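Everything below belongs to target-v8.cif, which stores mmCIF, C-alpha atoms.
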```cif
data_my_file
#
loop_
_atom_site.label_atom_id
_atom_site.label_comp_id
_atom_site.auth_asym_id
_atom_site.auth_seq_id
_atom_site.Cartn_x
_atom_site.Cartn_y
_atom_site.Cartn_z
CA MET A 1 -193.67 97.54 41.94
CA ASN A 2 -190.07 98.48 41.36
CA ILE A 3 -189.31 100.16 38.03
CA ASP A 4 -185.66 99.06 38.05
CA ASN A 5 -186.75 95.49 38.58
CA THR A 6 -189.18 95.64 35.65
CA LYS A 7 -186.45 97.13 33.46
CA ALA A 8 -184.02 94.43 34.52
CA GLN A 9 -186.60 91.72 33.78
CA MET A 10 -187.26 93.14 30.31
CA ARG A 11 -183.56 93.30 29.56
CA LYS A 12 -182.92 89.80 30.85
CA GLY A 13 -185.56 88.37 28.56
CA VAL A 14 -183.83 89.61 25.41
CA LEU A 15 -180.29 89.13 26.69
CA GLU A 16 -180.11 85.48 25.64
CA PHE A 17 -181.33 86.45 22.19
CA CYS A 18 -178.64 89.16 21.99
CA ILE A 19 -175.84 86.79 23.04
CA LEU A 20 -176.85 84.29 20.36
CA THR A 21 -177.03 87.10 17.78
CA ILE A 22 -173.57 88.38 18.70
CA LEU A 23 -172.19 84.90 18.09
CA ALA A 24 -174.11 84.38 14.84
CA ASP A 25 -171.37 85.26 12.35
CA LYS A 26 -168.22 84.84 14.38
CA ASP A 27 -166.94 83.02 17.45
CA LYS A 28 -166.11 85.42 20.23
CA TYR A 29 -164.47 85.30 23.62
CA THR A 30 -166.25 86.40 26.77
CA SER A 31 -164.74 89.88 27.01
CA GLU A 32 -165.71 90.64 23.41
CA ILE A 33 -169.30 89.60 24.07
CA LEU A 34 -169.20 91.74 27.20
CA SER A 35 -167.92 94.86 25.46
CA THR A 36 -170.56 94.59 22.69
CA LEU A 37 -173.33 94.23 25.25
CA LYS A 38 -171.99 97.01 27.44
CA SER A 39 -171.49 99.48 24.60
CA SER A 40 -175.12 99.00 23.60
CA LYS A 41 -176.23 99.33 27.24
CA MET A 42 -177.71 95.83 27.29
CA LEU A 43 -175.78 94.92 30.40
CA VAL A 44 -175.49 96.79 33.67
CA VAL A 45 -173.16 94.50 35.60
CA GLU A 46 -170.84 92.03 33.91
CA GLY A 47 -171.62 89.21 36.31
CA THR A 48 -175.03 88.66 34.69
CA ILE A 49 -173.47 87.06 31.64
CA TYR A 50 -171.66 84.19 33.35
CA PRO A 51 -174.62 82.16 34.64
CA LEU A 52 -176.33 82.88 31.32
CA LEU A 53 -173.44 81.60 29.18
CA THR A 54 -173.18 78.48 31.31
CA ARG A 55 -176.91 77.90 31.00
CA LEU A 56 -176.84 78.32 27.21
CA LYS A 57 -173.87 75.99 27.02
CA ASN A 58 -175.55 73.36 29.21
CA ALA A 59 -178.66 73.62 27.04
CA GLY A 60 -176.53 72.71 24.04
CA LEU A 61 -176.94 76.05 22.27
CA LEU A 62 -173.32 77.12 22.72
CA SER A 63 -169.98 75.38 22.80
CA TYR A 64 -166.61 76.79 23.76
CA ARG A 65 -162.90 76.23 23.31
CA TRP A 66 -159.85 77.67 24.97
CA GLU A 67 -157.40 79.72 22.96
CA GLU A 68 -154.04 81.07 24.00
CA SER A 69 -153.71 84.82 23.90
CA THR A 70 -150.56 86.82 23.28
CA SER A 71 -151.59 89.57 25.64
CA GLY A 72 -153.04 87.86 28.67
CA PRO A 73 -154.64 84.76 30.11
CA PRO A 74 -156.15 82.13 27.76
CA ARG A 75 -159.51 83.08 26.33
CA LYS A 76 -162.74 81.15 26.29
CA TYR A 77 -164.16 81.35 22.77
CA TYR A 78 -167.86 80.68 22.42
CA ALA A 79 -169.53 79.38 19.27
CA LEU A 80 -173.11 78.60 18.27
CA THR A 81 -173.90 74.91 17.92
CA GLU A 82 -176.29 73.59 15.26
CA THR A 83 -179.10 73.62 17.82
CA GLY A 84 -178.06 77.15 18.74
CA LYS A 85 -178.39 78.28 15.12
CA LEU A 86 -181.87 76.78 14.82
CA PHE A 87 -182.81 78.34 18.14
CA LEU A 88 -181.59 81.74 16.95
CA THR A 89 -183.59 81.57 13.71
CA GLU A 90 -186.70 80.87 15.70
CA LEU A 91 -185.97 83.65 18.17
CA ASN A 92 -185.44 86.05 15.27
CA THR A 93 -188.95 85.34 13.99
CA THR A 94 -190.43 85.67 17.46
CA TRP A 95 -188.55 88.90 18.03
CA SER A 96 -189.78 90.58 14.85
CA GLU A 97 -193.34 89.43 15.56
CA LEU A 98 -193.08 90.78 19.05
CA GLN A 99 -191.60 94.04 17.85
CA GLN A 100 -194.46 94.58 15.42
CA ALA A 101 -197.03 93.64 18.00
CA VAL A 102 -195.62 96.12 20.50
CA LYS A 103 -195.37 98.80 17.80
CA LYS A 104 -198.98 98.22 16.85
CA VAL A 105 -200.18 98.36 20.45
CA THR A 106 -198.27 101.53 21.23
CA ARG A 107 -199.36 103.18 17.95
CA GLU A 108 -203.03 102.51 18.67
CA LYS A 109 -202.54 103.90 22.10
CA THR A 110 -201.16 107.20 20.71
CA LYS A 111 -204.02 107.48 18.14
CA LYS A 112 -206.66 107.62 20.83
CA MET B 1 -148.27 83.65 30.81
CA GLU B 2 -147.90 83.94 34.51
CA LEU B 3 -150.59 85.79 36.35
CA SER B 4 -149.83 86.86 39.85
CA PHE B 5 -150.94 89.82 41.87
CA ILE B 6 -149.78 91.37 45.08
CA LEU B 7 -152.68 92.49 47.20
CA ASP B 8 -152.59 94.48 50.39
CA GLU B 9 -154.45 93.04 53.35
CA SER B 10 -157.73 94.93 53.03
CA ALA B 11 -157.88 94.28 49.29
CA PHE B 12 -157.24 90.58 49.89
CA ASN B 13 -159.96 90.36 52.54
CA LEU B 14 -162.51 92.08 50.33
CA LEU B 15 -161.72 89.85 47.38
CA GLN B 16 -161.92 86.77 49.54
CA GLN B 17 -165.30 87.88 50.91
CA TYR B 18 -166.56 88.50 47.40
CA LEU B 19 -165.48 85.05 46.21
CA GLU B 20 -167.01 83.44 49.27
CA LYS B 21 -170.28 85.27 48.62
CA LEU B 22 -170.23 84.05 45.02
CA LYS B 23 -169.84 80.48 46.20
CA ILE B 24 -172.71 80.79 48.64
CA THR B 25 -175.02 82.51 46.17
CA PHE B 26 -174.40 79.99 43.43
CA SER B 27 -174.22 76.97 45.72
CA ASN B 28 -177.43 75.48 44.29
CA THR B 29 -176.93 76.43 40.68
CA GLN B 30 -176.18 73.94 37.98
CA GLY B 31 -172.67 74.45 36.63
CA LYS B 32 -171.60 76.57 39.60
CA GLU B 33 -167.90 75.58 39.35
CA GLU B 34 -167.80 76.82 35.80
CA ILE B 35 -169.58 80.08 36.56
CA ILE B 36 -167.26 80.81 39.48
CA GLU B 37 -164.18 79.89 37.47
CA ASP B 38 -165.25 82.19 34.64
CA ILE B 39 -165.80 85.05 37.04
CA GLU B 40 -162.43 84.41 38.68
CA ASN B 41 -160.80 84.55 35.26
CA ARG B 42 -162.56 87.81 34.55
CA ILE B 43 -161.32 89.23 37.85
CA ALA B 44 -157.78 88.30 36.82
CA GLU B 45 -158.32 89.97 33.47
CA LEU B 46 -159.63 93.15 35.08
CA LEU B 47 -156.78 93.21 37.59
CA ARG B 48 -154.34 92.82 34.73
CA GLU B 49 -155.71 95.98 33.17
CA ILE B 50 -155.25 97.78 36.48
CA LYS B 51 -151.72 96.53 36.99
CA LYS B 52 -149.35 98.90 35.20
CA HIS B 53 -145.99 97.55 36.36
CA ALA B 54 -144.77 94.24 37.67
CA ASP B 55 -144.54 95.03 41.38
CA GLN B 56 -147.64 97.17 41.72
CA VAL B 57 -149.67 96.38 44.81
CA ILE B 58 -153.43 95.97 44.31
CA VAL B 59 -155.24 98.09 46.88
CA LEU B 60 -158.80 98.19 48.22
CA SER B 61 -160.06 100.73 45.67
CA ASN B 62 -158.88 98.47 42.82
CA ILE B 63 -160.91 95.55 44.15
CA ASN B 64 -163.88 97.86 44.66
CA SER B 65 -163.80 98.92 41.03
CA VAL B 66 -163.57 95.27 39.92
CA ILE B 67 -166.62 94.46 42.06
CA ASP B 68 -168.47 97.47 40.63
CA THR B 69 -167.85 96.16 37.13
CA LEU B 70 -168.94 92.63 37.95
CA GLY B 71 -171.79 93.48 40.28
CA GLN B 72 -172.95 91.77 43.45
CA PRO B 73 -173.82 88.05 43.14
CA GLU B 74 -177.39 88.59 44.33
CA ASP B 75 -177.88 91.13 41.52
CA PHE B 76 -176.97 88.73 38.79
CA ILE B 77 -178.19 85.35 39.94
CA SER B 78 -181.45 84.70 38.15
CA GLU B 79 -184.25 82.77 39.73
CA ASP B 80 -184.33 80.11 37.02
CA ASP B 81 -180.67 79.36 37.76
CA ASP B 82 -181.56 78.65 41.28
CA GLN B 83 -183.30 75.39 42.05
CA ARG B 84 -184.06 76.21 45.63
CA PHE B 85 -186.79 78.77 45.12
CA ILE B 86 -189.49 76.20 45.53
CA ARG B 87 -190.13 74.08 48.67
CA PRO B 88 -191.35 76.44 51.35
CA GLU B 89 -192.18 73.70 53.90
CA LYS B 90 -190.23 73.08 57.06
CA LYS B 91 -187.70 70.29 57.01
CA LEU B 92 -185.84 68.41 59.69
CA PHE B 93 -182.11 68.98 59.62
CA ARG B 94 -179.29 68.87 62.10
CA ASN B 95 -178.35 72.41 63.01
CA PRO B 96 -174.60 72.96 62.68
CA GLU B 97 -174.83 76.51 64.05
CA ASP B 98 -176.13 75.57 67.45
CA ARG B 99 -174.83 72.27 68.67
CA TYR B 100 -172.97 70.43 71.36
CA ILE B 101 -172.68 67.03 69.72
CA SER B 102 -174.44 66.75 66.38
CA GLY B 103 -177.04 69.50 66.31
CA ILE B 104 -179.97 67.07 66.34
CA ILE B 105 -181.65 68.49 69.40
CA SER B 106 -181.54 72.06 68.17
CA GLY B 107 -182.71 70.81 64.76
CA LEU B 108 -185.65 69.09 66.47
CA GLY B 109 -186.21 72.29 68.40
CA SER B 110 -186.44 74.34 65.21
CA TYR B 111 -188.67 71.74 63.62
CA SER B 112 -191.12 71.47 66.50
CA GLY B 113 -190.97 75.10 67.52
CA ILE B 114 -189.90 74.19 71.06
CA GLU B 115 -186.99 76.24 72.32
CA THR B 116 -183.74 74.36 72.03
CA ILE B 117 -182.87 74.73 75.70
CA TRP B 118 -186.13 73.01 76.73
CA MET B 119 -185.61 70.34 74.08
CA ARG B 120 -182.19 69.62 75.59
CA ILE B 121 -183.55 69.43 79.11
CA ILE B 122 -186.40 67.12 78.08
CA TRP B 123 -183.95 64.91 76.21
CA LEU B 124 -181.53 64.76 79.12
CA ILE B 125 -184.24 63.86 81.58
CA LEU B 126 -185.49 61.15 79.23
CA ALA B 127 -181.96 59.83 78.76
CA VAL B 128 -181.38 59.64 82.48
CA PHE B 129 -184.67 58.05 83.46
CA SER B 130 -185.39 55.63 80.63
CA LEU B 131 -182.17 53.64 80.71
CA GLY B 132 -180.47 55.00 77.60
CA VAL B 133 -183.16 54.28 75.00
CA PRO B 134 -183.11 57.94 73.87
CA ILE B 135 -179.36 57.62 73.39
CA ILE B 136 -179.89 54.85 70.84
CA VAL B 137 -182.64 56.88 69.19
CA TYR B 138 -180.23 59.82 69.16
CA ILE B 139 -177.53 57.82 67.40
CA ILE B 140 -180.02 56.54 64.82
CA MET B 141 -181.22 60.08 64.15
CA TRP B 142 -177.63 61.27 63.91
CA ALA B 143 -177.05 58.71 61.18
CA PHE B 144 -180.19 59.44 59.18
CA ILE B 145 -180.79 63.17 59.50
CA SER B 146 -178.49 65.27 57.36
CA GLU B 147 -176.90 68.49 58.47
CA ALA B 148 -178.23 71.80 57.16
CA LYS B 149 -175.31 72.77 54.96
CA THR B 150 -176.54 75.29 52.42
CA THR B 151 -178.15 78.61 53.23
CA ALA B 152 -181.39 77.29 51.74
CA GLU B 153 -181.35 74.25 54.01
CA LYS B 154 -180.76 76.45 57.02
CA LEU B 155 -183.79 78.52 56.04
CA GLN B 156 -185.88 75.38 55.46
CA MET B 157 -184.84 74.09 58.84
CA LYS B 158 -186.44 77.16 60.40
CA GLY B 159 -189.41 77.00 58.04
CA GLU B 160 -188.53 80.36 56.52
CA PRO B 161 -189.34 81.01 52.88
CA VAL B 162 -186.36 80.48 50.63
CA ASN B 163 -186.03 83.48 48.38
CA ILE B 164 -183.45 86.03 47.42
CA SER B 165 -184.14 88.38 50.31
CA THR B 166 -184.00 85.74 53.04
CA ILE B 167 -180.87 84.26 51.49
CA GLU B 168 -179.31 87.69 51.34
CA ARG B 169 -180.11 88.25 54.99
CA LYS B 170 -178.58 84.91 55.93
CA ILE B 171 -175.45 85.66 53.93
CA LYS B 172 -175.13 89.03 55.62
CA GLU B 173 -175.46 87.35 59.01
CA LYS B 174 -172.79 84.89 58.02
CA PHE B 175 -170.50 87.63 56.80
CA GLY B 176 -170.88 89.49 60.04
CA GLU B 177 -169.60 86.39 61.82
CA VAL B 178 -166.87 85.73 59.29
CA SER B 179 -165.48 89.24 59.37
CA GLU B 180 -165.59 89.16 63.17
CA LYS B 181 -163.62 85.94 63.06
CA ILE B 182 -161.16 87.39 60.57
CA LYS B 183 -160.68 90.40 62.84
CA ASN B 184 -159.58 88.25 65.72
CA THR B 185 -157.93 85.44 63.87
CA ASP B 186 -156.43 83.69 66.77
CA TYR B 187 -157.12 80.08 65.96
CA ASN B 188 -155.85 78.79 69.27
CA SER B 189 -158.33 80.86 71.17
CA MET B 190 -161.03 79.86 68.70
CA THR B 191 -160.53 76.16 69.31
CA ASN B 192 -160.34 76.92 72.99
CA THR B 193 -163.74 78.60 72.95
CA ILE B 194 -165.18 75.59 71.17
CA LYS B 195 -163.64 73.29 73.72
CA ASN B 196 -164.81 75.52 76.54
CA LYS B 197 -168.31 75.51 75.18
CA SER B 198 -168.47 71.74 75.19
CA LYS B 199 -166.69 71.63 78.52
CA THR B 200 -169.31 73.86 80.08
CA PHE B 201 -172.00 71.63 78.69
CA PHE B 202 -170.44 68.45 80.02
CA PHE B 203 -169.71 70.18 83.27
CA VAL B 204 -173.37 71.12 83.53
CA LEU B 205 -174.28 67.54 82.62
CA ILE B 206 -171.98 66.03 85.25
CA ASN B 207 -173.08 68.59 87.75
CA PHE B 208 -176.70 67.77 87.00
CA LEU B 209 -176.11 64.02 87.24
CA GLY B 210 -174.13 64.58 90.41
CA LYS B 211 -177.04 66.44 91.94
CA VAL B 212 -179.46 63.70 90.87
CA PHE B 213 -177.30 61.06 92.49
CA LYS B 214 -176.82 63.16 95.58
CA LEU B 215 -180.56 63.55 95.83
CA ILE B 216 -181.03 59.81 95.41
CA GLY B 217 -178.25 59.32 97.95
CA VAL B 218 -179.92 61.68 100.38
CA MET B 219 -183.24 59.87 99.93
CA ILE B 220 -181.61 56.49 100.52
CA GLY B 221 -179.80 58.01 103.44
CA ILE B 222 -183.06 59.26 104.91
CA GLN B 223 -184.65 55.84 104.42
CA PHE B 224 -181.66 54.23 106.04
CA HIS B 225 -181.75 56.75 108.81
CA LYS B 226 -185.46 56.12 109.36
CA LYS B 227 -184.88 52.37 109.45
CA SER B 228 -182.03 52.56 111.85
CA TRP B 229 -184.03 54.96 113.96
CA LYS B 230 -186.96 52.50 113.96
CA ASN B 231 -184.64 49.70 114.92
CA LEU B 232 -183.50 51.49 117.93
#
```
Let me see whether you can do it: turn the structure in this file into structure tokens.
Amino acid sequence: MNIDNTKAQMRKGVLEFCILTILADKDKYTSEILSTLKSSKMLVVEGTIYPLLTRLKNAGLLSYRWEESTSGPPRKYYALTETGKLFLTELNTTWSELQQAVKKVTREKTKK
Amino acid sequence: MELSFILDESAFNLLQQYLEKLKITFSNTQGKEEIIEDIENRIAELLREIKKHADQVIVLSNINSVIDTLGQPEDFISEDDDQRFIRPEKKLFRNPEDRYISGIISGLGSYSGIETIWMRIIWLILAVFSLGVPIIVYIIMWAFISEAKTTAEKLQMKGEPVNISTIERKIKEKFGEVSEKIKNTDYNSMTNTIKNKSKTFFFVLINFLGKVFKLIGVMIGIQFHKKSWKNL
């Protein structure tokens, strides 16, 4: 079993959740999403995000619009749809449950 | 806002290879055009950051750093994006990589496990001795069997499992060929080789038929000779 692969799998699982969270308060364009994810070390290579964004968009969780930029090519701004917001609320609950479960498991492990 | 870049030859080739690889890797993914377009836009954005003045030439190391940032397609395609990870069974396709006319015979060869050369010989013999019925069958098959176009189909044709490592291997094989072709981009000679290949085949065919007829001729000749000898 490859440790890097396991790490990548773990990261991938929460990546969708992170993207939705980043977009929760404000619409953002792809490079902004990228820099947030990269600064928090959630993303190793940028390419990962593109199939993911397209998948989330096709699933109806995200929508996008093009906006002109003064300093470069037009930017693709992503926004959460209504379904996306509901989805995110649910993921938030799942995430905190999961976090507590993992905390509990690891704490019991260290007690022994 | 106009976006144009001047690339030197090696940088251009590398970028082209990368884009080609993207297309192949995502060929079975839903929304592939969009994904590829987004990545192309990102490449433009990254190159814009590299470009400091209007007539700066983008060199190989620039493209390499862009690729490092984006990652290799096989590293970021996820299995749920890819609909071809199921279906391990062998399928009958026409083989576009090994063909004289339509690739049916080599496809049949792959499917049945009989070596293509033997398949061709069997087919030829059948075509010669059963008054063209196999030719009609051939045309029908040509119409109904599709060509193996995607990497996954090519793997299915050979009954190989379709997963990221076999696809990667196939892509590498393909890139070997492509870069070889780019190295000697002499399209005239390329078309000539293709023509020569089919010429050799038809030459062999005519030669073979010629020999068959000669043999028949010799046999008739012997018969005739015998008869005339008897008559004497």
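For chain A, the residues close to chain B, meaning within 7 Å and counting all atoms listed in the file, are Val45, Glu46, Gly47, Thr48, Tyr50, Pro51, Thr54, Gly72 and Pro73 of chain A.
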Practice task
Rank A:Thr21, A:Gln100, A:Asn58, A:Ser40 by their smallest atom-to-atom distance to Lys85 of chain A, using all atoms listed in the file, and report the top residue only.
Solution key: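 For Lys85 of chain A, the nearest of the given residues is A:Thr21.
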Requested in this report: Find the residues with any atom within 6 Å of (-159.1, 85.3, 26.8); use only C-alpha atoms and the coordinates as given in the file, and write the answer as a ChimeraX atom specification.
Outcome: /A:73-76
Atom CA of Ser110 of chain B sits from atom CA of Gln17 of chain B at a separation of 28.9 Å
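Between atom CA of Gly103 of chain B and atom CA of Ile171 of chain B the interatomic distance comes to 20.4 Å.
Counting only C-alpha atoms and comparing B:Arg120, B:Lys158, B:Arg94, B:Lys174, the residue that lies closest to Ala143 of chain B is B:Arg94.
Residues surrounding Ser63 of chain A within 8 Å are A:Lys57, A:Tyr78, A:Ala79, A:Leu80, A:Thr81 [all atoms listed in the file; sequence separation below 5 positions excluded].
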key: Which residue of A:Asp4, A:Glu16, A:Glu90, A:Asp27 approaches Val44 of chain A most closely, using only C-alpha atoms   =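 Under the stated criterion, the closest residue is A:Asp4.
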- prompt: atom CA of Gly13 of chain A and atom CA of Glu32 of chain A are how many Å apart?
  reply: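 Going from atom CA of Gly13 of chain A over to atom CA of Glu32 of chain A covers 20.6 Å.
Close contacts of Asn92 of chain A, defined as residues with an atom at most 9 Å away when counting all atoms listed in the file, with chain neighbours fewer than 5 positions off set aside, comprise Phe17, Thr21, Phe87 and Glu97 of chain A.
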